[in-house]
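Asker: As input, take protein-v1.txt (compact mmCIF, C-alpha atoms):
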```txt
# COMPACT_ATOMS: atom_id res chain seq x y z
CA VAL O 1 0.00 0.00 0.00
CA LYS O 2 2.83 2.39 0.86
CA ALA O 3 4.63 1.70 -2.42
CA PHE O 4 1.42 2.29 -4.35
CA TRP O 5 0.61 5.63 -2.70
CA ARG O 6 4.22 6.77 -2.92
CA ASN O 7 4.21 6.33 -6.71
CA ILE O 8 0.66 7.02 -7.89
CA ALA O 9 0.58 10.85 -7.73
CA THR O 10 2.00 11.51 -11.19
CA PRO O 11 -0.22 8.93 -12.94
CA SER O 12 -3.24 10.31 -11.07
CA LEU O 13 -2.52 13.88 -12.10
CA THR O 14 -1.91 12.79 -15.69
CA ALA O 15 -5.22 10.91 -15.78
CA MET O 16 -7.07 13.92 -14.37
CA ALA O 17 -5.38 16.39 -16.73
CA THR O 18 -5.80 14.36 -19.92
CA THR O 19 -8.99 12.40 -19.11
CA SER O 20 -7.42 9.60 -21.14
CA SER O 21 -6.31 6.18 -19.93
CA VAL O 22 -4.12 5.79 -22.99
CA ALA O 23 -2.32 9.10 -22.35
CA SER O 24 -1.50 7.82 -18.86
CA ILE O 25 0.23 4.62 -20.01
CA SER O 26 3.76 6.03 -19.97
CA VAL O 27 3.55 7.45 -16.45
CA ASN O 28 1.76 4.31 -15.26
CA LEU O 29 4.69 2.26 -16.61
CA VAL O 30 7.15 4.37 -14.64
CA ALA O 31 5.04 4.11 -11.48
CA ALA O 32 4.60 0.34 -11.81
CA LYS O 33 8.34 -0.16 -12.33
CA ASN O 34 9.10 2.06 -9.32
CA ILE O 35 6.71 -0.05 -7.24
CA GLY O 36 8.60 -3.18 -8.32
CA VAL O 37 6.37 -4.65 -11.00
CA PRO O 38 8.58 -6.52 -13.50
CA ASP O 39 8.95 -4.90 -16.91
CA ASP O 40 7.31 -7.73 -18.84
CA ILE O 41 4.18 -7.65 -16.67
CA ALA O 42 3.92 -3.84 -16.61
CA GLU O 43 4.43 -3.56 -20.36
CA THR O 44 1.68 -6.11 -20.99
CA VAL O 45 -0.94 -5.31 -18.35
CA LEU O 46 -0.90 -1.49 -18.52
CA PRO O 47 -1.48 -1.00 -22.28
CA LEU O 48 -4.03 -3.82 -22.29
CA GLY O 49 -5.77 -2.34 -19.26
CA ALA O 50 -5.93 1.13 -20.83
CA ASN O 51 -8.16 -0.30 -23.55
CA THR O 52 -10.14 -2.91 -21.64
CA HIS O 53 -10.24 -2.05 -17.93
CA LYS O 54 -13.10 0.42 -17.50
CA ASP O 55 -14.37 0.29 -13.90
CA GLY O 56 -15.01 4.02 -13.79
CA SER O 57 -16.81 3.93 -17.12
CA VAL O 58 -19.09 1.09 -16.02
CA ILE O 59 -19.94 2.88 -12.76
CA GLY O 60 -20.64 6.03 -14.78
CA GLY O 61 -22.83 4.00 -17.15
CA VAL O 62 -24.90 2.72 -14.23
CA PHE O 63 -25.27 6.27 -12.95
CA LYS O 64 -26.40 7.63 -16.35
CA ILE O 65 -28.90 4.82 -16.87
CA VAL O 66 -30.34 5.22 -13.38
CA VAL O 67 -30.73 8.98 -13.94
CA LEU O 68 -32.66 8.35 -17.16
CA PHE O 69 -34.78 5.65 -15.53
CA THR O 70 -35.62 8.13 -12.78
CA LEU O 71 -36.42 10.97 -15.20
CA PHE O 72 -38.78 8.76 -17.19
CA GLY O 73 -40.37 7.11 -14.16
CA TYR O 74 -39.16 3.58 -14.93
CA ASP O 75 -39.13 1.15 -12.02
CA ILE O 76 -35.53 0.38 -11.08
CA ALA O 77 -36.47 -2.08 -8.33
CA THR O 78 -37.45 -4.98 -10.59
CA PHE O 79 -35.01 -7.81 -11.22
CA PRO O 80 -35.21 -7.59 -15.05
CA ASN O 81 -34.53 -3.84 -14.95
CA PHE O 82 -31.67 -4.39 -12.51
CA LEU O 83 -30.11 -6.91 -14.92
CA ALA O 84 -30.73 -4.56 -17.86
CA ILE O 85 -29.00 -1.68 -16.05
CA ILE O 86 -25.97 -3.81 -15.17
CA GLY O 87 -25.83 -5.31 -18.67
CA GLY O 88 -26.21 -1.89 -20.28
CA ALA O 89 -23.46 -0.43 -18.10
CA LEU O 90 -21.11 -3.30 -18.97
CA LEU O 91 -21.83 -2.75 -22.67
CA VAL O 92 -21.18 0.96 -22.24
CA GLY O 93 -17.84 0.14 -20.60
CA VAL O 94 -16.90 -1.91 -23.66
CA VAL O 95 -17.89 0.65 -26.30
CA ILE O 96 -16.33 3.70 -24.66
CA GLY O 97 -13.10 4.73 -26.35
CA SER O 98 -9.92 5.45 -24.45
CA ILE O 99 -9.90 9.02 -25.69
CA PRO O 100 -10.97 12.20 -23.91
CA SER O 101 -14.77 12.53 -23.96
CA GLY O 102 -15.07 9.13 -25.62
CA GLY O 103 -18.37 8.65 -23.86
CA LEU O 104 -20.50 10.07 -26.68
CA THR O 105 -20.72 6.57 -28.08
CA ALA O 106 -21.90 5.41 -24.66
CA GLU O 107 -24.67 8.01 -24.49
CA ILE O 108 -25.97 7.03 -27.92
CA THR O 109 -25.79 3.36 -26.92
CA ILE O 110 -27.74 3.98 -23.69
CA CYS O 111 -30.51 5.89 -25.45
CA THR O 112 -30.79 3.29 -28.20
CA LEU O 113 -30.62 0.30 -25.88
CA PHE O 114 -33.31 1.50 -23.49
CA GLY O 115 -35.50 3.33 -26.00
CA PHE O 116 -34.97 6.82 -24.63
CA PRO O 117 -35.46 9.72 -27.06
CA PRO O 118 -32.26 10.81 -28.84
CA GLU O 119 -32.65 14.27 -27.30
CA MET O 120 -31.57 12.73 -23.99
CA VAL O 121 -28.03 12.25 -25.33
CA ALA O 122 -27.32 15.91 -24.54
CA THR O 123 -28.65 15.48 -21.01
CA ILE O 124 -26.46 12.54 -20.16
CA MET O 125 -23.47 14.15 -21.89
CA ILE O 126 -23.59 16.72 -19.08
CA ILE O 127 -23.31 13.87 -16.58
CA SER O 128 -20.43 12.42 -18.62
CA THR O 129 -18.57 15.70 -18.52
CA ILE O 130 -18.88 15.82 -14.74
CA ILE O 131 -17.83 12.20 -14.10
CA ASP O 132 -15.20 11.89 -16.85
CA ILE O 133 -12.26 12.91 -14.66
CA PRO O 134 -12.99 10.62 -11.69
CA ALA O 135 -13.89 7.75 -14.04
CA THR O 136 -10.59 8.09 -15.92
CA LEU O 137 -8.74 8.36 -12.63
CA LEU O 138 -10.32 5.10 -11.44
CA ASN O 139 -9.65 3.36 -14.76
CA SER O 140 -6.03 4.51 -14.96
CA THR O 141 -4.91 3.95 -11.38
CA GLY O 142 -6.78 0.66 -11.41
CA ASN O 143 -4.44 -0.47 -14.18
CA VAL O 144 -1.45 -0.05 -11.87
CA VAL O 145 -3.27 -2.06 -9.20
CA CYS O 146 -3.98 -4.76 -11.79
CA SER O 147 -0.30 -4.94 -12.70
CA MET O 148 0.51 -5.36 -9.00
CA MET O 149 -2.09 -8.13 -8.69
CA VAL O 150 -0.74 -9.97 -11.75
CA THR O 151 2.75 -9.70 -10.29
CA ARG O 152 1.46 -11.17 -7.03
CA LEU O 153 -0.04 -14.12 -8.94
CA VAL O 154 3.08 -14.70 -11.05
CA GLU O 155 5.86 -13.90 -8.59
CA GLY O 156 4.24 -15.04 -5.33
CA LYS O 157 3.21 -13.30 -2.14
CA ASP O 158 6.68 -11.93 -1.33
CA TRP O 159 7.17 -10.19 -4.69
CA LEU O 160 7.22 -6.70 -3.18
CA LYS O 161 9.87 -7.64 -0.61
CA ASP O 162 11.99 -9.22 -3.35
CA ALA O 163 11.55 -6.14 -5.56
CA SER O 164 12.63 -3.88 -2.68
CA LYS O 165 15.77 -5.96 -2.14
CA LYS O 166 16.61 -5.80 -5.87
CA LEU O 167 16.12 -2.04 -5.88
CA THR O 168 18.31 -1.61 -2.78
CA ASN O 169 21.04 -3.80 -4.26
CA SER O 170 21.03 -1.92 -7.56
CA LEU O 171 21.38 1.41 -5.74
CA ASN O 172 24.43 0.16 -3.80
```
Please express what this file holds, its structure, as structure tokens.
Answerer:
Amino acid sequence: VKAFWRNIATPSLTAMATTSSVASISVNLVAAKNIGVPDDIAETVLPLGANTHKDGSVIGGVFKIVVLFTLFGYDIATFPNFLAIIGGALLVGVVIGSIPSGGLTAEITICTLFGFPPEMVATIMIISTIIDIPATLLNSTGNVVCSMMVTRLVEGKDWLKDASKKLTNSLN
């Protein structure tokens, strides 16, 4: 936890400034390597995660869908609607591009999928603008966490201690 928080500031600021997971790859690579993630794992997991790991986008998708359900008086508390909201949010997470404001595709998908009028795209774009920075931050920093988790699975539970020893030895 200490290693993560010691090295995540620059990737976090980059994600917030660019609102792009892809633009954060280079600083995420540096942070992961400073934490002790091996090069081969960091160079595989981080670029892959920038395009596929979209936790913040899925959470944002749920929020947008729930707002529209509320505006149109749809019942959220039914099991089929619950599954539709989760499924729609997962689909939105897949279709969103890794570019700044890539959520326009998601808004169109939400309106089409649930039968909302196309005029609602503008309404949920406002929500997207507000949540874009925290969603990108979650997506981007989550990629570093994923690289740490993969390292834990590949290298074993003492990987961080071993990485610290290697770093100390290389500095001496």
Asker: Quick one: residues within 8 Å of range 112-123 of chain O, all atoms listed in the file counted, chain neighbours fewer than 5 positions away excluded, as a VMD selection string?
Answerer: chain O and resid 68 88 104 107
Asker: Name the closest residue to Ala50 in chain O among the candidates O:Leu160, O:Thr151, O:Ala9, O:Asn28; distances are taken between atoms, counting only C-alpha atoms.
Answerer: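 Once distances to Ala50 in chain O are computed over only C-alpha atoms, the minimum belongs to O:Asn28.
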Asker: Nearest to Gly36 in chain O among O:Ile108, O:Leu48, O:Val22, O:Ala3, with distances taken over only C-alpha atoms: which residue is it?
Answerer: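 The closest residue to Gly36 in chain O is O:Ala3.
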Asker: Using all atoms listed in the file, which of the listed residues (O:Ile131, O:Val58, O:Met125, O:Leu71) sits closest to Leu90 in chain O?
Answerer: O:Val58
Asker: Could you check which of O:Val27, O:Ile85, O:Val66, O:Ile35 is closest to Ile124 in chain O, using only C-alpha atoms?
Answerer: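 The closest residue to Ile124 in chain O is O:Val66.
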Asker: Identify the residues within 12 Å of coordinate (2.0, -6.3, -11.6) (same frame as the file), considering only C-alpha atoms, and give the answer as a ChimeraX atom specification.
Answerer: /O:4,28-29,31-46,49,142-157,159-160,163
Asker: Would you kindly return, as a compact mmCIF listing (two decimals) with C-alpha atoms, keeping the file's coordinate frame, each protein, DNA or RNA residue with an atom no farther than 10 Å from any atom of Ser57 in chain O, considering only C-alpha atoms and excluding same-chain residues fewer than 4 positions away?
Answerer:
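Writing the result to around.txt gives the following:
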```
# COMPACT_ATOMS: atom_id res chain seq x y z
CA HIS O 53 -10.24 -2.05 -17.93
CA GLY O 61 -22.83 4.00 -17.15
CA VAL O 62 -24.90 2.72 -14.23
CA PHE O 63 -25.27 6.27 -12.95
CA ALA O 89 -23.46 -0.43 -18.10
CA LEU O 90 -21.11 -3.30 -18.97
CA VAL O 92 -21.18 0.96 -22.24
CA GLY O 93 -17.84 0.14 -20.60
CA VAL O 94 -16.90 -1.91 -23.66
CA VAL O 95 -17.89 0.65 -26.30
CA ILE O 96 -16.33 3.70 -24.66
CA GLY O 97 -13.10 4.73 -26.35
CA GLY O 103 -18.37 8.65 -23.86
CA ALA O 106 -21.90 5.41 -24.66
CA SER O 128 -20.43 12.42 -18.62
CA ILE O 131 -17.83 12.20 -14.10
CA ASP O 132 -15.20 11.89 -16.85
CA PRO O 134 -12.99 10.62 -11.69
CA ALA O 135 -13.89 7.75 -14.04
CA THR O 136 -10.59 8.09 -15.92
CA LEU O 138 -10.32 5.10 -11.44
CA ASN O 139 -9.65 3.36 -14.76
```
Asker: Find the distance between CA of Thr19 in chain O and CA of Asn7 in chain O and write it in Å to one decimal.
Answerer: 19.1 Å
Asker: Excluding Ser12 in chain O and residues on its chain fewer than 5 positions from it, collect all residues at most 8 Å away from it, counting all atoms listed in the file, and give them as a PyMOL selection string.
Answerer: chain O and resi 137+140-141
Asker: Would you compute the distance between CA of Thr129 in chain O and CA of Thr14 in chain O? Give it in Å to one decimal.
Answerer: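 Answer for the CA of Thr129 in chain O to CA of Thr14 in chain O separation: 17.1 Å.
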Asker: What are the centre and edge lengths in Å, to one decimal, of the axis-aligned box around all listed atoms of range 26-41 of chain O with 8 Å added on each side, as lines of an AutoDock Vina configuration file?
Answerer:
```
center_x = 5.4
center_y = -0.1
center_z = -13.6
size_x = 23.3
size_y = 31.2
size_z = 28.7
```
Asker: In Å to one decimal, how far is CA of Lys54 in chain O from CA of Leu91 in chain O?
Answerer: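 Between CA of Leu91 in chain O and CA of Lys54 in chain O the gap works out to 10.6 Å.
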Asker: Restricting the calculation to all atoms listed in the file: of O:Lys64, O:Asp55, O:Pro80, O:Thr70, which residue gets closest to Ile110 in chain O?
Answerer: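 Among the listed residues, the smallest separation from Ile110 in chain O belongs to O:Lys64.
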Asker: Which is closest to Ser26 in chain O among O:Thr109, O:Val67, O:Phe79, O:Thr10, if we use all atoms listed in the file?
Answerer: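 So, comparing all the options, the nearest one is O:Thr10.
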Asker: Do you know which residues lie at most 8 Å from (-4.8, 4.9, -22.6), with coordinates as in the file and all atoms listed in the file counted, and could you write them as a list in words?
Answerer: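 Using all atoms listed in the file, the matching residues come out as Ser20, Ser21, Val22, Ala23, Ser24, Ile25, Pro47, Ala50, Asn51, Ser98, Ile99 and Ser140 of chain O.
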